[in-house]
>>> print(open('query06.cif').read())   # mmCIF, C-alpha atoms and all ligand atoms
data_protein
loop_
_atom_site.label_atom_id
_atom_site.label_comp_id
_atom_site.auth_asym_id
_atom_site.auth_seq_id
_atom_site.Cartn_x
_atom_site.Cartn_y
_atom_site.Cartn_z
CA MET K 1 135.53 -161.39 -40.38
CA GLU K 2 134.35 -157.77 -40.45
CA GLU K 3 134.20 -156.01 -43.84
CA LEU K 4 137.46 -154.17 -44.36
CA GLU K 5 139.27 -152.57 -47.23
CA ILE K 6 142.00 -154.88 -48.46
CA LYS K 7 145.36 -153.16 -48.90
CA MET K 8 147.42 -156.14 -50.02
CA GLU K 9 146.30 -159.56 -51.07
CA VAL K 10 148.22 -162.77 -51.65
CA LYS K 11 146.51 -165.43 -53.75
CA ASN K 12 147.70 -168.99 -54.37
CA LEU K 13 151.28 -167.96 -53.78
CA SER K 14 154.04 -170.53 -53.99
CA MET K 15 157.69 -169.64 -53.64
CA TYR K 16 160.84 -171.51 -54.55
CA TYR K 17 164.56 -171.22 -53.85
CA ASP K 18 165.90 -173.01 -56.92
CA GLY K 19 164.36 -176.49 -56.69
CA PHE K 20 163.19 -176.10 -53.08
CA LYS K 21 159.58 -175.10 -52.56
CA ALA K 22 159.51 -172.93 -49.45
CA LEU K 23 155.85 -171.87 -49.52
CA GLU K 24 152.81 -173.50 -51.11
CA ASP K 25 149.46 -172.11 -52.09
CA ILE K 26 149.30 -169.26 -49.60
CA SER K 27 146.21 -167.05 -49.79
CA LEU K 28 145.59 -164.25 -47.33
CA SER K 29 144.76 -160.60 -47.25
CA PHE K 30 146.13 -157.63 -45.35
CA PRO K 31 143.41 -155.19 -44.37
CA ARG K 32 144.16 -151.48 -44.55
CA GLN K 33 145.08 -149.74 -41.29
CA ARG K 34 145.23 -153.01 -39.46
CA ILE K 35 148.11 -155.09 -38.10
CA THR K 36 148.46 -158.64 -39.35
CA ALA K 37 150.81 -161.03 -37.57
CA LEU K 38 152.54 -163.96 -39.25
CA ILE K 39 153.37 -166.70 -36.77
CA GLY K 40 154.83 -170.18 -37.05
CA PRO K 41 157.91 -172.20 -36.13
CA SER K 42 161.34 -171.17 -37.35
CA GLY K 43 161.87 -172.12 -40.99
CA CYS K 44 158.15 -172.19 -41.92
CA GLY K 45 158.63 -169.35 -44.41
CA LYS K 46 157.51 -166.21 -42.56
CA SER K 47 160.44 -164.10 -43.74
CA SER K 48 160.13 -165.51 -47.24
CA LEU K 49 156.47 -164.52 -47.30
CA VAL K 50 157.01 -160.94 -46.13
CA ARG K 51 159.80 -160.54 -48.65
CA CYS K 52 157.29 -161.50 -51.36
CA LEU K 53 155.23 -158.46 -50.38
CA ASN K 54 157.79 -155.90 -51.54
CA ARG K 55 159.69 -158.13 -53.96
CA MET K 56 162.78 -158.20 -51.78
CA ASN K 57 163.07 -161.80 -52.96
CA ASP K 58 163.96 -160.47 -56.41
CA LEU K 59 167.38 -159.81 -54.92
CA ILE K 60 167.88 -163.50 -54.08
CA GLU K 61 169.38 -165.57 -56.88
CA GLY K 62 167.25 -168.58 -57.80
CA CYS K 63 164.14 -167.33 -56.04
CA ARG K 64 160.88 -167.72 -57.95
CA VAL K 65 157.34 -166.71 -57.06
CA GLU K 66 154.11 -168.14 -58.48
CA GLY K 67 150.64 -166.80 -57.88
CA SER K 68 149.43 -163.32 -57.23
CA VAL K 69 150.30 -160.47 -54.89
CA THR K 70 148.37 -157.24 -55.23
CA LEU K 71 148.73 -153.79 -53.72
CA ASP K 72 145.55 -151.72 -54.03
CA GLY K 73 144.36 -154.31 -56.53
CA GLU K 74 147.42 -153.99 -58.78
CA GLU K 75 149.54 -157.04 -59.48
CA ILE K 76 153.03 -156.28 -58.11
CA TYR K 77 154.65 -159.13 -60.06
CA ASP K 78 153.48 -157.75 -63.41
CA PRO K 79 156.52 -157.14 -65.60
CA GLY K 80 155.72 -153.45 -65.95
CA TYR K 81 155.28 -152.83 -62.23
CA ASP K 82 157.63 -150.19 -60.80
CA VAL K 83 159.66 -152.12 -58.20
CA ILE K 84 161.42 -149.02 -56.88
CA ALA K 85 158.08 -147.37 -56.20
CA LEU K 86 156.85 -150.62 -54.64
CA ARG K 87 159.72 -150.74 -52.14
CA ARG K 88 158.99 -147.15 -51.19
CA LYS K 89 155.30 -147.89 -50.69
CA VAL K 90 155.99 -151.14 -48.86
CA GLY K 91 158.79 -150.43 -46.42
CA MET K 92 160.60 -152.97 -44.32
CA VAL K 93 162.06 -153.12 -40.81
CA PHE K 94 164.41 -156.00 -40.09
CA GLN K 95 165.27 -158.16 -37.12
CA ARG K 96 168.64 -156.51 -36.48
CA PRO K 97 168.45 -152.72 -36.44
CA ASN K 98 170.58 -151.69 -39.41
CA PRO K 99 171.16 -147.93 -39.42
CA PHE K 100 173.45 -146.75 -42.19
CA PRO K 101 176.94 -145.65 -41.07
CA MET K 102 175.97 -142.00 -41.11
CA SER K 103 174.39 -139.44 -38.82
CA ILE K 104 170.91 -139.81 -37.33
CA TYR K 105 169.78 -136.95 -39.56
CA GLU K 106 171.27 -138.47 -42.70
CA ASN K 107 169.76 -141.89 -41.98
CA VAL K 108 166.30 -140.35 -42.14
CA ALA K 109 167.06 -137.88 -44.94
CA TYR K 110 168.62 -140.59 -47.10
CA GLY K 111 165.45 -141.90 -48.74
CA PRO K 112 163.93 -138.49 -49.50
CA ARG K 113 167.31 -137.33 -50.91
CA VAL K 114 167.48 -140.37 -53.19
CA GLY K 115 163.90 -139.51 -54.16
CA GLY K 116 165.08 -136.08 -55.29
CA VAL K 117 164.35 -133.81 -52.32
CA LYS K 118 167.16 -131.23 -52.16
CA ASP K 119 165.77 -128.29 -50.24
CA LYS K 120 167.26 -128.16 -46.74
CA GLY K 121 164.14 -126.80 -45.09
CA THR K 122 162.04 -129.55 -46.63
CA LEU K 123 164.51 -132.22 -45.54
CA ASP K 124 164.67 -130.77 -42.01
CA ALA K 125 160.89 -130.94 -41.80
CA ILE K 126 160.76 -134.53 -43.09
CA VAL K 127 163.46 -135.63 -40.63
CA GLU K 128 161.69 -134.02 -37.68
CA ASP K 129 158.28 -135.33 -38.66
CA SER K 130 159.54 -138.87 -39.28
CA LEU K 131 161.46 -138.99 -36.00
CA LYS K 132 158.38 -137.73 -34.17
CA LYS K 133 156.21 -140.37 -35.77
CA ALA K 134 158.77 -143.00 -34.79
CA ALA K 135 158.66 -141.73 -31.18
CA LEU K 136 162.38 -140.91 -31.24
CA TRP K 137 162.52 -137.14 -31.73
CA ASP K 138 162.79 -136.10 -28.08
CA GLU K 139 165.69 -138.47 -27.50
CA VAL K 140 167.73 -137.38 -30.52
CA LYS K 141 166.76 -133.82 -31.40
CA ASN K 142 169.98 -132.46 -29.89
CA ILE K 143 172.27 -135.10 -31.35
CA LEU K 144 171.06 -135.28 -34.95
CA ARG K 145 174.63 -135.06 -36.28
CA GLU K 146 175.86 -138.02 -34.26
CA SER K 147 176.15 -141.45 -35.79
CA GLY K 148 172.96 -143.50 -35.88
CA GLN K 149 175.04 -146.50 -34.96
CA ARG K 150 175.84 -145.01 -31.57
CA LEU K 151 172.26 -145.22 -30.39
CA SER K 152 170.98 -148.09 -28.23
CA GLY K 153 169.48 -151.10 -30.01
CA GLY K 154 165.93 -150.02 -29.29
CA GLN K 155 166.63 -146.47 -30.46
CA GLN K 156 168.29 -147.82 -33.60
CA GLN K 157 165.18 -149.83 -34.38
CA ARG K 158 163.03 -146.71 -34.03
CA LEU K 159 165.52 -144.87 -36.24
CA CYS K 160 165.03 -147.58 -38.87
CA ILE K 161 161.28 -147.09 -38.56
CA ALA K 162 161.77 -143.32 -39.00
CA ARG K 163 163.85 -144.03 -42.10
CA VAL K 164 160.98 -146.05 -43.55
CA ILE K 165 158.39 -143.43 -42.59
CA ALA K 166 160.46 -140.69 -44.27
CA VAL K 167 159.66 -142.04 -47.73
CA GLN K 168 155.91 -142.04 -47.00
CA PRO K 169 155.15 -145.74 -47.20
CA GLU K 170 151.64 -147.16 -47.18
CA VAL K 171 152.54 -150.56 -45.79
CA ILE K 172 155.27 -151.37 -43.23
CA LEU K 173 156.62 -154.91 -42.93
CA PHE K 174 158.32 -155.83 -39.65
CA ASP K 175 160.35 -159.04 -39.63
CA GLU K 176 160.84 -159.95 -35.95
CA PRO K 177 161.55 -156.31 -35.11
CA CYS K 178 161.98 -156.91 -31.39
CA SER K 179 163.96 -160.12 -31.24
CA ALA K 180 167.27 -158.26 -30.87
CA ILE K 181 166.16 -155.62 -28.36
CA ASP K 182 165.32 -155.47 -24.66
CA PRO K 183 161.80 -155.73 -23.16
CA VAL K 184 161.42 -151.99 -22.47
CA SER K 185 162.37 -151.13 -26.06
CA THR K 186 160.05 -153.90 -27.25
CA GLN K 187 157.20 -152.26 -25.37
CA ARG K 188 158.00 -148.95 -27.09
CA ILE K 189 157.95 -150.56 -30.53
CA GLU K 190 154.62 -152.22 -29.77
CA ASP K 191 153.17 -148.90 -28.58
CA LEU K 192 154.55 -147.25 -31.68
CA MET K 193 152.91 -149.82 -33.94
CA ALA K 194 149.58 -149.06 -32.29
CA GLU K 195 150.11 -145.34 -32.96
CA LEU K 196 151.05 -146.01 -36.59
CA LYS K 197 147.86 -147.98 -37.21
CA GLU K 198 145.92 -144.89 -38.12
CA ASN K 199 148.11 -144.21 -41.15
CA TYR K 200 149.67 -147.48 -42.22
CA THR K 201 148.91 -151.08 -42.98
CA GLN K 202 151.32 -153.19 -40.96
CA VAL K 203 152.53 -156.76 -41.13
CA ILE K 204 154.60 -158.25 -38.32
CA VAL K 205 156.49 -161.50 -38.25
CA THR K 206 157.02 -162.61 -34.70
CA HIS K 207 157.92 -165.80 -32.91
CA ASN K 208 156.61 -164.23 -29.73
CA MET K 209 153.05 -165.40 -29.27
CA GLN K 210 152.22 -162.80 -26.62
CA GLN K 211 153.45 -160.09 -28.94
CA ALA K 212 151.25 -161.31 -31.79
CA ALA K 213 148.28 -161.46 -29.43
CA ARG K 214 149.01 -157.96 -28.06
CA VAL K 215 149.67 -156.01 -31.24
CA SER K 216 147.80 -157.62 -34.11
CA ASP K 217 144.24 -157.56 -35.35
CA PHE K 218 144.63 -160.60 -37.58
CA THR K 219 146.92 -163.58 -37.34
CA ALA K 220 148.11 -166.08 -39.92
CA PHE K 221 149.65 -169.34 -38.76
CA ILE K 222 152.09 -171.01 -41.16
CA LEU K 223 153.53 -174.47 -40.67
CA VAL K 224 155.84 -176.96 -42.31
CA GLN K 225 154.07 -180.23 -41.64
CA GLU K 226 156.96 -182.58 -42.43
CA GLN K 227 160.59 -181.63 -42.86
CA GLY K 228 161.37 -180.73 -46.46
CA GLU K 229 157.76 -179.82 -47.23
CA PRO K 230 156.78 -176.26 -48.04
CA GLY K 231 155.22 -173.94 -45.49
CA ARG K 232 151.44 -173.83 -45.75
CA LEU K 233 148.88 -171.51 -44.27
CA ILE K 234 147.09 -173.49 -41.58
CA GLU K 235 144.76 -170.86 -40.27
CA TYR K 236 144.10 -167.17 -40.71
CA GLY K 237 141.65 -164.97 -38.91
CA ASP K 238 140.84 -162.57 -36.13
CA THR K 239 143.69 -162.56 -33.60
CA ASN K 240 141.32 -163.01 -30.66
CA LYS K 241 139.82 -166.06 -32.25
CA ILE K 242 143.16 -167.57 -33.26
CA PHE K 243 144.43 -167.22 -29.70
CA THR K 244 141.31 -168.26 -27.85
CA ASN K 245 139.37 -170.60 -30.08
CA PRO K 246 141.29 -171.66 -33.19
CA ASP K 247 139.60 -173.95 -35.69
CA ASP K 248 142.63 -176.12 -36.37
CA GLU K 249 144.12 -178.42 -33.81
CA ARG K 250 147.63 -177.64 -35.09
CA THR K 251 147.08 -173.94 -34.37
CA GLU K 252 145.88 -174.83 -30.89
CA ARG K 253 148.99 -176.92 -30.28
CA TYR K 254 151.28 -174.16 -31.51
CA ILE K 255 149.77 -171.29 -29.57
CA THR K 256 149.70 -173.28 -26.36
CA GLY K 257 153.35 -174.20 -26.82
CA ARG K 258 152.65 -177.88 -27.19
CA PHE K 259 153.99 -178.12 -30.69
CA GLY K 260 156.33 -180.79 -31.97
N1 LIG S 1 168.02 -167.28 -49.47
C1 LIG S 1 167.61 -168.54 -49.30
N2 LIG S 1 168.05 -169.55 -50.09
C2 LIG S 1 167.63 -170.81 -49.93
N3 LIG S 1 166.76 -171.21 -49.00
C3 LIG S 1 166.28 -170.27 -48.17
C4 LIG S 1 166.68 -168.90 -48.27
N4 LIG S 1 166.03 -168.19 -47.31
C5 LIG S 1 165.26 -169.09 -46.65
N5 LIG S 1 165.41 -170.33 -47.15
C6 LIG S 1 164.73 -171.55 -46.70
O1 LIG S 1 163.32 -171.35 -46.84
C7 LIG S 1 162.63 -171.87 -45.71
C8 LIG S 1 161.87 -170.75 -45.04
O2 LIG S 1 162.80 -169.84 -44.46
P1 LIG S 1 162.38 -168.46 -43.81
O3 LIG S 1 161.46 -167.74 -44.73
O4 LIG S 1 163.61 -167.76 -43.40
O5 LIG S 1 161.55 -168.97 -42.53
P2 LIG S 1 161.18 -168.22 -41.17
O6 LIG S 1 161.34 -166.75 -41.40
O7 LIG S 1 159.77 -168.63 -40.88
O8 LIG S 1 162.11 -168.75 -40.13
C9 LIG S 1 163.68 -172.52 -44.82
O9 LIG S 1 163.73 -173.90 -45.16
C10 LIG S 1 164.96 -171.83 -45.22
O10 LIG S 1 166.07 -172.66 -45.03
MG MG S 2 162.52 -165.33 -40.43
#
>>> encode(input="query06.cif", output="structure tokens")
Amino acid sequence: MEELEIKMEVKNLSMYYDGFKALEDISLSFPRQRITALIGPSGCGKSSLVRCLNRMNDLIEGCRVEGSVTLDGEEIYDPGYDVIALRRKVGMVFQRPNPFPMSIYENVAYGPRVGGVKDKGTLDAIVEDSLKKAALWDEVKNILRESGQRLSGGQQQRLCIARVIAVQPEVILFDEPCSAIDPVSTQRIEDLMAELKENYTQVIVTHNMQQAARVSDFTAFILVQEQGEPGRLIEYGDTNKIFTNPDDERTERYITGRFG
């Protein structure tokens, strides 16, 4: 693999929900300004793994993480680590677009407001800039006061991306961001991810193999070998290699749809 600056790194990570071990001994790195895809069958632990990256799992009762996760070399599970700052730096976009029940403008201004920005001119500028970066500005610039929930699914997803961008994240996690939207909107999100590469480190969970192959630079394949076992990292590497010449036979079976 080419020499790249590592933005986030997971080392020997295991994760439990009470007594159930969902992930075992995962080690992989997320290079800066690159897109890494997490693929694997439903239930292998992809969502659990991305939630480890911004400590969203802290919100789940009984969830426990072992091992190391670093952001810019700093251990995010250290007791003194600022979790609020972490969730700002490592933003998340979910499967179902989930705009807040407020106007388009307020959806985007929400994070900066919570962060203490009060000046209207500053907020206006952040909202415009974030919506432009999320490739939504032209469609909504004249309806900023309308409810975000009245937009189409694809527009809502871009609004959620604008909401994340508004708090100036460094890493954006996408958990199956296109599985609830139509193909044209999916294309727009994929194009947008390519545009965002310059400024952000991105991680995408997808069950769509073509999508992983199209958008990502690196791919990690996770698998539960036998029911009840934890998800393990089977193979990780350059996306082209994973999709054309994987090292592991299980990866080969999965990407060619011959799994199970
Ligand atoms: N909040 C939770 N409590 C208990 N078990 C969970 C929870 N979330 C996920 N799991 C279990 O952890 C495993 C991995 O789930 P998940 O991370 O959602 O997989 P994926 O995103 O790859 O479909 C599954 O066995 C799932 O049932
Ligand atoms: Mg999932």
>>> atom_distance(input="query06.cif", atom1="atom CA of K:Met92", atom2="atom CA of K:Glu24")
23.0 Å
>>> residues_near_ligand(input="query06.cif", ligand="ligand LIG 1 (chain S)", cutoff="7 Å", atoms="all atoms listed in the file", output="MDAnalysis selection string")
chainID K and resid 17 22 40:49 60
>>> closest_residue(input="query06.cif", among="K:Ile104, K:Tyr77, K:Gln168, K:Gly154", to="K:Thr186", atoms="all atoms listed in the file")
K:Gly154
>>> atom_distance(input="query06.cif", atom1="atom CA of K:Asp129", atom2="atom CA of K:Asn98")
20.5 Å
>>> atom_distance(input="query06.cif", atom1="atom CA of K:Ile165", atom2="atom CA of K:Asn142")
20.4 Å
>>> closest_residue(input="query06.cif", among="K:Ile143, K:Leu151, K:Val203, K:Leu23", to="K:Gly228", atoms="all atoms listed in the file")
K:Leu23
>>> closest_residue(input="query06.cif", among="K:Glu198, K:Glu128, K:Glu176, K:Asp25", to="ligand MG 2 (chain S)", atoms="all atoms listed in the file")
K:Glu176
>>> closest_residue(input="query06.cif", among="K:Phe174, K:Tyr16, K:Tyr110, K:Phe30", to="ligand MG 2 (chain S)", atoms="all atoms listed in the file")
K:Phe174
>>> closest_residue(input="query06.cif", among="K:Arg51, K:Gln227, K:Met56, K:Phe100", to="ligand MG 2 (chain S)", atoms="only C-alpha atoms and all ligand atoms")
K:Arg51
>>> residues_around(input="query06.cif", residues="stretch 111-114 of chain K", least_positions_apart="2", cutoff="9 Å", atoms="all atoms listed in the file", output="list in words")
Arg88, Asn107, Val108, Ala109, Gly116, Val117, Lys118, Leu123, Ile126, Arg163, Val164, Ala166 and Val167 of chain K
>>> closest_residue(input="query06.cif", among="K:Ile84, K:Val50, K:Met8, K:Val90", to="ligand MG 2 (chain S)", atoms="only C-alpha atoms and all ligand atoms")
K:Val50
>>> residues_around(input="query06.cif", residues="K:Met209", least_positions_apart="2", cutoff="10 Å", atoms="all atoms listed in the file", output="PyMOL selection string")
chain K and resi 37+39-40+206-207+211-214+243+254-257
>>> residues_around(input="query06.cif", residues="stretch 63-71 of chain K", least_positions_apart="4", cutoff="12 Å", atoms="all atoms listed in the file", output="number ranges by chain")
K: 5-32, 48-59, 75-78, 81-83, 85-87, 89-90, 170-171, 201
>>> residues_near_point(input="query06.cif", point="(180.2, -143.9, -42.3)", cutoff="12 Å", atoms="all atoms listed in the file", output="list in words")
Pro99, Phe100, Pro101, Met102, Ser103, Ile104, Glu106, Asn107, Glu146, Ser147, Gly148, Gln149 and Arg150 of chain K
